[in-house]
Structure formats: structure tokens, C-alpha cells
>>> print(open('coords_12.cif').read())   # mmCIF, C-alpha atoms
data_data
#
loop_
_atom_site.group_PDB
_atom_site.id
_atom_site.type_symbol
_atom_site.label_atom_id
_atom_site.label_comp_id
_atom_site.auth_asym_id
_atom_site.auth_seq_id
_atom_site.Cartn_x
_atom_site.Cartn_y
_atom_site.Cartn_z
ATOM 1 C CA MET X 629 4.433 13.549 -26.868
ATOM 2 C CA PHE X 630 3.350 15.800 -23.997
ATOM 3 C CA ASN X 631 5.185 13.678 -21.407
ATOM 4 C CA GLU X 632 8.315 13.511 -23.549
ATOM 5 C CA GLU X 633 8.418 17.283 -23.927
ATOM 6 C CA LEU X 634 7.962 17.737 -20.192
ATOM 7 C CA HIS X 635 10.723 15.258 -19.479
ATOM 8 C CA GLU X 636 13.132 17.277 -21.592
ATOM 9 C CA ASP X 637 11.960 20.471 -19.895
ATOM 10 C CA GLU X 638 13.140 19.151 -16.513
ATOM 11 C CA LYS X 639 16.650 20.333 -17.505
ATOM 12 C CA ASP X 640 15.441 23.578 -19.100
ATOM 13 C CA PRO X 641 16.695 26.571 -17.034
ATOM 14 C CA LYS X 642 13.533 28.501 -17.934
ATOM 15 C CA VAL X 643 11.293 25.753 -16.553
ATOM 16 C CA ASP X 644 13.491 25.456 -13.472
ATOM 17 C CA LEU X 645 13.060 29.183 -12.879
ATOM 18 C CA GLU X 646 9.294 28.864 -13.375
ATOM 19 C CA ILE X 647 9.152 26.131 -10.735
ATOM 20 C CA ASP X 648 11.211 28.302 -8.360
ATOM 21 C CA LEU X 649 8.626 31.050 -8.782
ATOM 22 C CA LEU X 650 5.769 28.574 -8.358
ATOM 23 C CA LEU X 651 7.157 27.255 -5.072
ATOM 24 C CA GLN X 652 7.829 30.780 -3.845
ATOM 25 C CA GLY X 653 4.253 31.745 -4.733
ATOM 26 C CA ILE X 654 2.828 28.709 -2.927
ATOM 27 C CA TYR X 655 4.864 29.558 0.156
ATOM 28 C CA ARG X 656 3.735 33.201 0.134
ATOM 29 C CA LEU X 657 0.089 32.269 -0.344
ATOM 30 C CA SER X 658 -0.226 29.222 1.913
ATOM 31 C CA GLY X 659 2.747 29.112 4.277
ATOM 32 C CA PHE X 660 3.647 25.620 3.007
ATOM 33 C CA ASP X 661 7.297 25.534 1.999
ATOM 34 C CA PHE X 662 8.257 23.045 -0.719
ATOM 35 C CA ARG X 663 11.353 24.918 -1.854
ATOM 36 C CA GLN X 664 13.714 22.314 -0.376
ATOM 37 C CA TYR X 665 11.792 19.242 -1.474
ATOM 38 C CA MET X 666 13.576 17.028 -3.990
ATOM 39 C CA ARG X 667 13.169 18.880 -7.280
ATOM 40 C CA SER X 668 12.628 15.696 -9.305
ATOM 41 C CA SER X 669 9.641 14.751 -7.124
ATOM 42 C CA ILE X 670 8.135 18.247 -7.291
ATOM 43 C CA THR X 671 8.660 18.388 -11.065
ATOM 44 C CA ARG X 672 6.764 15.126 -11.585
ATOM 45 C CA ARG X 673 3.831 16.445 -9.583
ATOM 46 C CA VAL X 674 3.818 19.749 -11.449
ATOM 47 C CA GLN X 675 3.877 17.885 -14.758
ATOM 48 C CA HIS X 676 0.978 15.703 -13.665
ATOM 49 C CA ARG X 677 -1.154 18.719 -12.730
ATOM 50 C CA MET X 678 -0.283 20.485 -16.005
ATOM 51 C CA LYS X 679 -1.349 17.423 -17.964
ATOM 52 C CA VAL X 680 -4.631 17.032 -16.076
ATOM 53 C CA GLU X 681 -5.482 20.726 -16.488
ATOM 54 C CA LYS X 682 -4.115 20.907 -20.057
ATOM 55 C CA LEU X 683 -1.884 23.843 -19.160
ATOM 56 C CA PRO X 684 0.862 24.847 -21.609
ATOM 57 C CA SER X 685 3.415 26.077 -19.062
ATOM 58 C CA VAL X 686 4.357 26.220 -15.392
ATOM 59 C CA THR X 687 3.770 29.978 -15.519
ATOM 60 C CA ARG X 688 0.149 29.371 -16.497
ATOM 61 C CA LEU X 689 -0.168 26.958 -13.591
ATOM 62 C CA LEU X 690 1.255 29.632 -11.258
ATOM 63 C CA GLU X 691 -1.349 32.115 -12.509
ATOM 64 C CA LYS X 692 -4.119 29.705 -11.545
ATOM 65 C CA VAL X 693 -2.509 29.124 -8.149
ATOM 66 C CA ILE X 694 -2.455 32.880 -7.515
ATOM 67 C CA ASN X 695 -5.985 33.577 -8.706
ATOM 68 C CA GLU X 696 -7.939 30.443 -7.756
ATOM 69 C CA PRO X 697 -7.828 29.341 -4.082
ATOM 70 C CA ALA X 698 -9.457 25.992 -4.928
ATOM 71 C CA PHE X 699 -6.725 25.300 -7.476
ATOM 72 C CA LEU X 700 -4.050 26.102 -4.898
ATOM 73 C CA GLU X 701 -5.577 23.387 -2.700
ATOM 74 C CA LYS X 702 -5.335 20.913 -5.591
ATOM 75 C CA VAL X 703 -1.639 21.651 -6.009
ATOM 76 C CA LEU X 704 -1.001 21.369 -2.274
ATOM 77 C CA ASN X 705 -2.661 17.952 -2.317
ATOM 78 C CA ASP X 706 -0.500 16.979 -5.297
ATOM 79 C CA PHE X 707 2.629 17.829 -3.337
ATOM 80 C CA SER X 708 1.567 15.914 -0.234
ATOM 81 C CA ILE X 709 2.898 12.328 -0.157
ATOM 82 C CA ASN X 710 0.033 9.988 0.721
ATOM 83 C CA VAL X 711 1.276 6.476 -0.065
ATOM 84 C CA THR X 712 0.739 4.159 2.902
ATOM 85 C CA GLU X 713 -0.821 0.892 4.085
ATOM 86 C CA MET X 714 -1.359 -1.031 7.303
ATOM 87 C CA TYR X 715 1.840 -2.676 8.555
ATOM 88 C CA ARG X 716 3.769 -1.267 5.603
ATOM 89 C CA ASP X 717 7.127 -3.058 5.474
ATOM 90 C CA PRO X 718 5.972 -5.806 7.886
ATOM 91 C CA ALA X 719 9.537 -6.642 8.917
ATOM 92 C CA PHE X 720 9.822 -3.168 10.459
ATOM 93 C CA PHE X 721 6.785 -3.753 12.675
ATOM 94 C CA HIS X 722 7.963 -7.277 13.511
ATOM 95 C CA SER X 723 11.322 -5.909 14.633
ATOM 96 C CA PHE X 724 9.616 -3.124 16.597
ATOM 97 C CA ARG X 725 7.466 -5.714 18.368
ATOM 98 C CA GLU X 726 10.384 -7.971 19.201
ATOM 99 C CA ASN X 727 13.023 -5.397 20.116
ATOM 100 C CA VAL X 728 11.504 -2.023 21.017
ATOM 101 C CA ILE X 729 8.370 -3.144 22.841
ATOM 102 C CA PRO X 730 10.333 -4.793 25.719
ATOM 103 C CA VAL X 731 12.069 -1.449 26.346
ATOM 104 C CA LEU X 732 8.812 0.519 26.205
ATOM 105 C CA ALA X 733 7.188 -1.942 28.587
ATOM 106 C CA GLU X 734 9.463 -0.651 31.357
ATOM 107 C CA LEU X 735 8.102 2.906 31.062
ATOM 108 C CA ASP X 736 5.261 4.356 33.119
ATOM 109 C CA GLU X 737 3.855 6.056 30.026
ATOM 110 C CA ILE X 738 4.621 5.911 26.311
ATOM 111 C CA ARG X 739 4.422 8.847 23.926
ATOM 112 C CA ILE X 740 4.698 8.062 20.207
ATOM 113 C CA TRP X 741 4.737 10.539 17.332
ATOM 114 C CA HIS X 742 3.843 9.434 13.798
ATOM 115 C CA ALA X 743 5.175 12.344 11.717
ATOM 116 C CA GLY X 744 3.713 12.478 8.213
ATOM 117 C CA CYS X 745 0.984 9.970 9.069
ATOM 118 C CA SER X 746 -0.986 10.410 5.828
ATOM 119 C CA SER X 747 -4.375 8.639 6.017
ATOM 120 C CA GLY X 748 -3.474 6.812 9.217
ATOM 121 C CA GLU X 749 -2.971 3.176 8.308
ATOM 122 C CA GLU X 750 0.393 2.874 10.067
ATOM 123 C CA VAL X 751 -0.936 4.743 13.089
ATOM 124 C CA TYR X 752 -3.721 2.212 13.563
ATOM 125 C CA SER X 753 -1.208 -0.578 12.955
ATOM 126 C CA MET X 754 0.822 0.688 15.904
ATOM 127 C CA ALA X 755 -2.284 1.039 18.079
ATOM 128 C CA ILE X 756 -3.208 -2.595 17.435
ATOM 129 C CA LEU X 757 0.371 -3.729 18.098
ATOM 130 C CA LEU X 758 0.435 -1.887 21.431
ATOM 131 C CA GLN X 759 -2.900 -3.385 22.386
ATOM 132 C CA GLU X 760 -1.693 -6.899 21.652
ATOM 133 C CA GLU X 761 1.431 -6.290 23.714
ATOM 134 C CA GLY X 762 -0.539 -4.978 26.710
ATOM 135 C CA LEU X 763 0.814 -1.424 26.461
ATOM 136 C CA PHE X 764 -2.108 0.399 24.880
ATOM 137 C CA HIS X 765 -3.503 1.576 28.219
ATOM 138 C CA LYS X 766 -0.395 3.653 28.981
ATOM 139 C CA ALA X 767 0.314 4.880 25.452
ATOM 140 C CA ARG X 768 -0.527 8.149 23.774
ATOM 141 C CA ILE X 769 -0.096 8.340 20.003
ATOM 142 C CA TYR X 770 0.243 11.675 18.216
ATOM 143 C CA ALA X 771 -0.368 11.483 14.464
ATOM 144 C CA THR X 772 0.430 14.525 12.348
ATOM 145 C CA ASP X 773 0.471 15.494 8.700
ATOM 146 C CA MET X 774 0.592 18.760 6.776
ATOM 147 C CA ASN X 775 -2.410 17.729 4.662
ATOM 148 C CA GLU X 776 -5.689 18.485 6.432
ATOM 149 C CA ALA X 777 -7.725 16.472 3.909
ATOM 150 C CA VAL X 778 -5.877 13.209 4.563
ATOM 151 C CA LEU X 779 -5.979 13.866 8.319
ATOM 152 C CA ASN X 780 -9.758 14.001 8.097
ATOM 153 C CA VAL X 781 -9.670 10.598 6.402
ATOM 154 C CA ALA X 782 -7.340 9.249 9.079
ATOM 155 C CA LYS X 783 -9.626 10.387 11.887
ATOM 156 C CA GLN X 784 -12.464 8.259 10.508
ATOM 157 C CA GLY X 785 -10.604 4.942 10.689
ATOM 158 C CA VAL X 786 -12.464 3.734 7.600
ATOM 159 C CA PHE X 787 -10.700 1.942 4.753
ATOM 160 C CA PRO X 788 -11.832 0.172 1.550
ATOM 161 C CA ILE X 789 -12.696 -3.461 2.232
ATOM 162 C CA SER X 790 -10.747 -4.369 -0.919
ATOM 163 C CA LYS X 791 -7.502 -3.484 0.867
ATOM 164 C CA MET X 792 -8.029 -5.612 3.960
ATOM 165 C CA LYS X 793 -6.785 -8.842 2.390
ATOM 166 C CA ASP X 794 -3.348 -7.321 1.797
ATOM 167 C CA TYR X 795 -3.418 -5.619 5.191
ATOM 168 C CA THR X 796 -4.190 -8.955 6.844
ATOM 169 C CA LYS X 797 -1.188 -10.532 5.132
ATOM 170 C CA ASN X 798 1.011 -7.690 6.353
ATOM 171 C CA TYR X 799 -0.412 -8.053 9.863
ATOM 172 C CA PHE X 800 0.613 -11.697 10.146
ATOM 173 C CA LEU X 801 4.054 -11.034 8.637
ATOM 174 C CA ALA X 802 4.463 -8.302 11.267
ATOM 175 C CA GLY X 803 3.885 -10.821 14.057
ATOM 176 C CA GLY X 804 0.159 -10.267 14.636
ATOM 177 C CA LYS X 805 -1.108 -12.471 17.439
ATOM 178 C CA HIS X 806 -4.801 -12.760 16.683
ATOM 179 C CA SER X 807 -6.838 -11.984 13.579
ATOM 180 C CA LEU X 808 -6.865 -8.503 12.084
ATOM 181 C CA SER X 809 -10.615 -8.877 11.553
ATOM 182 C CA GLU X 810 -11.054 -8.705 15.341
ATOM 183 C CA TYR X 811 -10.251 -5.001 15.110
ATOM 184 C CA TYR X 812 -12.811 -3.918 12.522
ATOM 185 C CA THR X 813 -16.352 -4.413 11.272
ATOM 186 C CA THR X 814 -17.423 -4.303 7.625
ATOM 187 C CA ASP X 815 -20.195 -3.597 5.223
ATOM 188 C CA GLU X 816 -20.145 -4.240 1.474
ATOM 189 C CA HIS X 817 -17.587 -1.532 0.765
ATOM 190 C CA PHE X 818 -15.640 -0.503 3.852
ATOM 191 C CA ALA X 819 -13.851 -1.731 6.961
ATOM 192 C CA TYR X 820 -14.526 0.304 10.107
ATOM 193 C CA LEU X 821 -11.755 0.088 12.694
ATOM 194 C CA ASP X 822 -12.705 -0.366 16.337
ATOM 195 C CA PRO X 823 -13.489 3.107 17.785
ATOM 196 C CA ALA X 824 -11.642 2.079 20.954
ATOM 197 C CA LEU X 825 -8.399 2.423 18.996
ATOM 198 C CA LEU X 826 -9.097 6.137 18.594
ATOM 199 C CA LYS X 827 -9.074 6.773 22.327
ATOM 200 C CA LYS X 828 -5.296 6.991 22.478
ATOM 201 C CA ILE X 829 -4.695 8.631 19.074
ATOM 202 C CA HIS X 830 -4.542 12.412 18.679
ATOM 203 C CA PHE X 831 -4.545 13.680 15.091
ATOM 204 C CA ALA X 832 -3.267 17.194 14.345
ATOM 205 C CA GLN X 833 -1.967 19.251 11.454
ATOM 206 C CA HIS X 834 1.799 19.799 11.617
ATOM 207 C CA ASN X 835 4.304 20.845 8.973
ATOM 208 C CA LEU X 836 7.748 19.291 9.415
ATOM 209 C CA VAL X 837 9.319 22.053 7.330
ATOM 210 C CA THR X 838 8.059 25.060 9.288
ATOM 211 C CA ASP X 839 6.567 23.928 12.632
ATOM 212 C CA GLN X 840 8.333 23.313 15.927
ATOM 213 C CA SER X 841 8.395 20.525 18.504
ATOM 214 C CA PHE X 842 5.258 20.148 20.625
ATOM 215 C CA ASN X 843 6.149 17.411 23.132
ATOM 216 C CA GLU X 844 8.850 15.000 24.252
ATOM 217 C CA PHE X 845 8.487 11.506 22.794
ATOM 218 C CA HIS X 846 9.763 8.032 23.478
ATOM 219 C CA VAL X 847 9.262 7.010 19.840
ATOM 220 C CA ILE X 848 9.169 9.048 16.629
ATOM 221 C CA LEU X 849 8.200 7.315 13.390
ATOM 222 C CA CYS X 850 8.718 9.182 10.139
ATOM 223 C CA ARG X 851 8.861 6.570 7.437
ATOM 224 C CA ASN X 852 9.238 7.223 3.705
ATOM 225 C CA VAL X 853 8.890 10.995 4.048
ATOM 226 C CA LEU X 854 12.468 12.284 4.224
ATOM 227 C CA ILE X 855 13.367 10.715 0.867
ATOM 228 C CA TYR X 856 11.432 13.587 -0.718
ATOM 229 C CA PHE X 857 13.546 16.242 1.060
ATOM 230 C CA THR X 858 16.916 17.692 0.116
ATOM 231 C CA VAL X 859 19.803 16.950 2.487
ATOM 232 C CA PRO X 860 19.685 20.414 4.150
ATOM 233 C CA LEU X 861 15.973 20.015 4.770
ATOM 234 C CA GLN X 862 16.485 16.479 6.097
ATOM 235 C CA ASN X 863 18.997 17.868 8.591
ATOM 236 C CA LYS X 864 16.531 20.555 9.637
ATOM 237 C CA VAL X 865 13.879 17.906 10.303
ATOM 238 C CA HIS X 866 16.412 15.791 12.193
ATOM 239 C CA ASP X 867 17.061 18.828 14.409
ATOM 240 C CA LEU X 868 13.364 18.737 15.233
ATOM 241 C CA PHE X 869 13.311 15.000 15.884
ATOM 242 C CA TYR X 870 16.453 15.015 18.029
ATOM 243 C CA SER X 871 15.125 17.792 20.249
ATOM 244 C CA SER X 872 11.759 16.005 20.490
ATOM 245 C CA LEU X 873 13.106 12.595 21.578
ATOM 246 C CA THR X 874 13.828 11.603 25.149
ATOM 247 C CA ASP X 875 17.294 10.269 25.895
ATOM 248 C CA GLY X 876 17.208 6.627 24.873
ATOM 249 C CA GLY X 877 14.180 7.290 22.652
ATOM 250 C CA PHE X 878 13.657 5.532 19.320
ATOM 251 C CA LEU X 879 13.551 6.941 15.794
ATOM 252 C CA GLY X 880 12.055 4.831 13.004
ATOM 253 C CA LEU X 881 12.753 5.709 9.361
ATOM 254 C CA GLY X 882 11.759 4.217 6.024
ATOM 255 C CA ILE X 883 13.648 1.363 4.397
ATOM 256 C CA LYS X 884 15.382 3.732 1.925
ATOM 257 C CA GLU X 885 16.252 6.323 4.572
ATOM 258 C CA SER X 886 19.258 6.504 6.868
ATOM 259 C CA LEU X 887 21.034 8.599 9.469
ATOM 260 C CA ARG X 888 24.407 7.545 8.108
ATOM 261 C CA PHE X 889 25.087 10.722 6.132
ATOM 262 C CA SER X 890 23.168 13.153 8.326
ATOM 263 C CA LYS X 891 24.777 15.423 10.898
ATOM 264 C CA TYR X 892 23.141 13.253 13.578
ATOM 265 C CA GLY X 893 24.757 10.035 12.416
ATOM 266 C CA GLU X 894 26.834 9.804 15.620
ATOM 267 C CA ALA X 895 24.019 10.880 17.937
ATOM 268 C CA TYR X 896 22.127 7.591 17.608
ATOM 269 C CA GLU X 897 22.990 3.924 17.798
ATOM 270 C CA GLU X 898 21.685 1.495 15.205
ATOM 271 C CA PHE X 899 19.288 -0.388 17.442
ATOM 272 C CA CYS X 900 17.845 -2.456 14.591
ATOM 273 C CA GLY X 901 19.933 -1.135 11.747
ATOM 274 C CA PHE X 902 18.524 -3.198 8.904
ATOM 275 C CA GLN X 903 14.997 -2.080 9.795
ATOM 276 C CA LYS X 904 16.117 1.544 10.273
ATOM 277 C CA ILE X 905 15.295 1.755 13.971
ATOM 278 C CA TYR X 906 17.726 4.034 15.808
ATOM 279 C CA ARG X 907 18.111 4.854 19.497
ATOM 280 C CA LYS X 908 19.143 8.276 20.762
ATOM 281 C CA LYS X 909 22.366 8.081 22.771
#
>>> encode(input="coords_12.cif", output="C-alpha cells")
Amino acid sequence: MFNEELHEDEKDPKVDLEIDLLLQGIYRLSGFDFRQYMRSSITRRVQHRMKVEKLPSVTRLLEKVINEPAFLEKVLNDFSINVTEMYRDPAFFHSFRENVIPVLAELDEIRIWHAGCSSGEEVYSMAILLQEEGLFHKARIYATDMNEAVLNVAKQGVFPISKMKDYTKNYFLAGGKHSLSEYYTTDEHFAYLDPALLKKIHFAQHNLVTDQSFNEFHVILCRNVLIYFTVPLQNKVHDLFYSSLTDGGFLGLGIKESLRFSKYGEAYEEFCGFQKIYRKK
């Protein structure tokens, strides 16, 4: 019953106004701006938090956000998208290995930015790929996310052992050349990635909505993040990516994302179009 009522409320102007005020309050209090995130996604996360906390209205949730700093952190974590896995969408990594790596091999140094890296699984996937292709020594990987809590997880390079079977399958589908187990040790509960992989990875907090460029990159990967943004916000982020890429640099997006309808649609060529790998003209 609770979920059904909330579902109907999604179209209620009063609830929509309450969510506007909530997002404005979060921005004023934290500096994190979710006002141009897809409203359907934000609404689902608000509903989830209301259900967990047994709150009768969005206004009551806003009151807790204003008066309880720890609760504000809970809501910020709710709004952060943290779905990831090693070699997610293996065909993307296979195509990157086969098509992009030969171009990167010609460079004296390689700078890669994983924007919205979450807990780091795809970052470590790229580090292993570069090592197998003999490019790790001249690469520098920057991994950023707005969520400090998940960044702290990413920095550890420790993942549940229960996930490694699926990750191993992804690794081989992505063109892995050895055995994924060569890159980690285990105990009864966790897999610990080789600390050597961390030497070329720099984790930092960065908000795509409000922060600026911090380097010039040969590759930017931002996969399955922009689908949660409105079109104007997507274009704002693409401004950031375009100014941060070298000429001839590569942009990798998620399988459901595209440059086709963005204002930068003509600024890139579809290098591996089906896998959403674009090259800056």
C-alpha cells in the first residue's frame, strides 16, 4: 500500500514541489547539486529512504536533512549511483583492448580518467588490461567520484570473494590473457587485489555537476552515469569532458548512453560505435 501511494504521488504537484525544496536544501547544505538529475531516479531514492525511515512525507524527510547531519549523509549516499563490477559489459573492454590500445601504445604517456568510478571495480579492470598489454608502466589512471565513502572502498582494492567467479567470467569475455586470480590473493571472505595495481591509480573526490577539469586526458570513461542526468546536465558534463580530452582522445560511455543527441554529436567520430567508444575529432 505504501509503495502504491508513493507511486501515485510521483505525479502529485505538491510532492514535486516538496522534492524541489529537498534538492534545493541539499544543495545549500552540502554543495551537491541533484536538481538536474532525472526526476524519476531521484523520486525512487526519496521513496526508498522514506520507507526505511517510516516518514509520512518528503517535507518530514527535508526536516531531518536540515537538522541531522548524519541523516543528510544517508540521503547523499542514496543519491549516489554505485552499481558496478569488474569488466562490466565485457564487450566494451574487449573492444577497448583490440581497437584503442594500439593507438595508446604509440603515446609516450597515457592519462586516463574514470569519472564516477564508484567502488573501483572498472578502474582495476583497466589497470589489469593495461598491464597485460604492456602499457601500465607509462599510464596514470585518475579515478573520481562524488561519494567519499565509496572512494574509500575503492582505495582498498578489496572485494567479496563471492563476486570473483562472475568477475573471472567477465575477464575472459573481455579478452583476458592470463588468469584473473594472478592479480589477487584471498582469505575466506575477501579478494585482495595486487597492491602494485594501486601505484598508477589516483583516487580523488570530484563532482561532475559542479567541479571543473583538472588535467588533459587521452581517455575519459564515464559509463552508466549520464543516464541519470537530464539532457541540459548531460551537455554541461560533455562540456567538461570535451575540454578535458586531448585532440584524438577517446570517450567511453555506457551501453545505454550516446552522443547522438548531444550538442557534441558532431565533435566526435564513432570509433567503436556499438560499444560507445568515441574519438574526439
>>> residues_around(input="coords_12.cif", residues="region 748-758 of chain X", least_positions_apart="5", cutoff="7 Å", atoms="all atoms listed in the file", output="PyMOL selection string")
chain X and resi 712-716+742+763-764+771+782+825
>>> residues_around(input="coords_12.cif", residues="Val674 (chain X)", least_positions_apart="6", cutoff="9 Å", atoms="all atoms listed in the file", output="PyMOL selection string")
chain X and resi 647+686+689+703+706-707
>>> atom_distance(input="coords_12.cif", atom1="CA of Ser747 (chain X)", atom2="CA of Tyr870 (chain X)")
24.9 Å
>>> atom_distance(input="coords_12.cif", atom1="CA of Ile789 (chain X)", atom2="CA of Asp815 (chain X)")
8.1 Å
>>> residues_around(input="coords_12.cif", residues="Leu649 (chain X)", least_positions_apart="4", cutoff="12 Å", atoms="only C-alpha atoms", output="VMD selection string")
chain X and resid 642 to 645 653 to 656 662 to 663 686 to 691 693 to 694
>>> residues_around(input="coords_12.cif", residues="region 897-906 of chain X", least_positions_apart="5", cutoff="10 Å", atoms="all atoms listed in the file", output="list of chain:residue names")
X:Asp717, X:Pro718, X:Ala719, X:Phe720, X:Phe721, X:His722, X:Ser723, X:Phe724, X:Asn727, X:Val728, X:Val847, X:Ile848, X:Leu849, X:Arg851, X:Gly876, X:Gly877, X:Phe878, X:Leu879, X:Gly880, X:Leu881, X:Gly882, X:Ile883, X:Lys884, X:Glu885, X:Ser886, X:Leu887, X:Arg888
>>> atom_distance(input="coords_12.cif", atom1="CA of Asn705 (chain X)", atom2="CA of Asn775 (chain X)")
7.0 Å
>>> closest_residue(input="coords_12.cif", among="X:Pro641, X:Phe842, X:Glu760, X:Ile740", to="Glu810 (chain X)", atoms="only C-alpha atoms")
X:Glu760
>>> closest_residue(input="coords_12.cif", among="X:Arg739, X:Arg673, X:His806, X:His765", to="Phe845 (chain X)", atoms="only C-alpha atoms")
X:Arg739
>>> closest_residue(input="coords_12.cif", among="X:Glu701, X:Glu761, X:Leu873, X:Gly893", to="Gly803 (chain X)", atoms="all atoms listed in the file")
X:Glu761
>>> residues_around(input="coords_12.cif", residues="Ser872 (chain X)", least_positions_apart="2", cutoff="6 Å", atoms="all atoms listed in the file", output="list in words")
Ser841, Glu844, Phe869 and Tyr870 of chain X
>>> closest_residue(input="coords_12.cif", among="X:Leu735, X:Leu700, X:Leu808, X:Ala832", to="Gly659 (chain X)", atoms="all atoms listed in the file")
X:Leu700
>>> closest_residue(input="coords_12.cif", among="X:Lys783, X:Arg725, X:Arg768, X:Arg672", to="Gln833 (chain X)", atoms="all atoms listed in the file")
X:Lys783
>>> closest_residue(input="coords_12.cif", among="X:Ser807, X:Ser746, X:Asn798, X:Asn695", to="Val781 (chain X)", atoms="all atoms listed in the file")
X:Ser746
>>> residues_near_point(input="coords_12.cif", point="(20.5, 9.7, 26.7)", cutoff="10 Å", atoms="all atoms listed in the file", output="PyMOL selection string")
chain X and resi 873-877+895-896+907-909
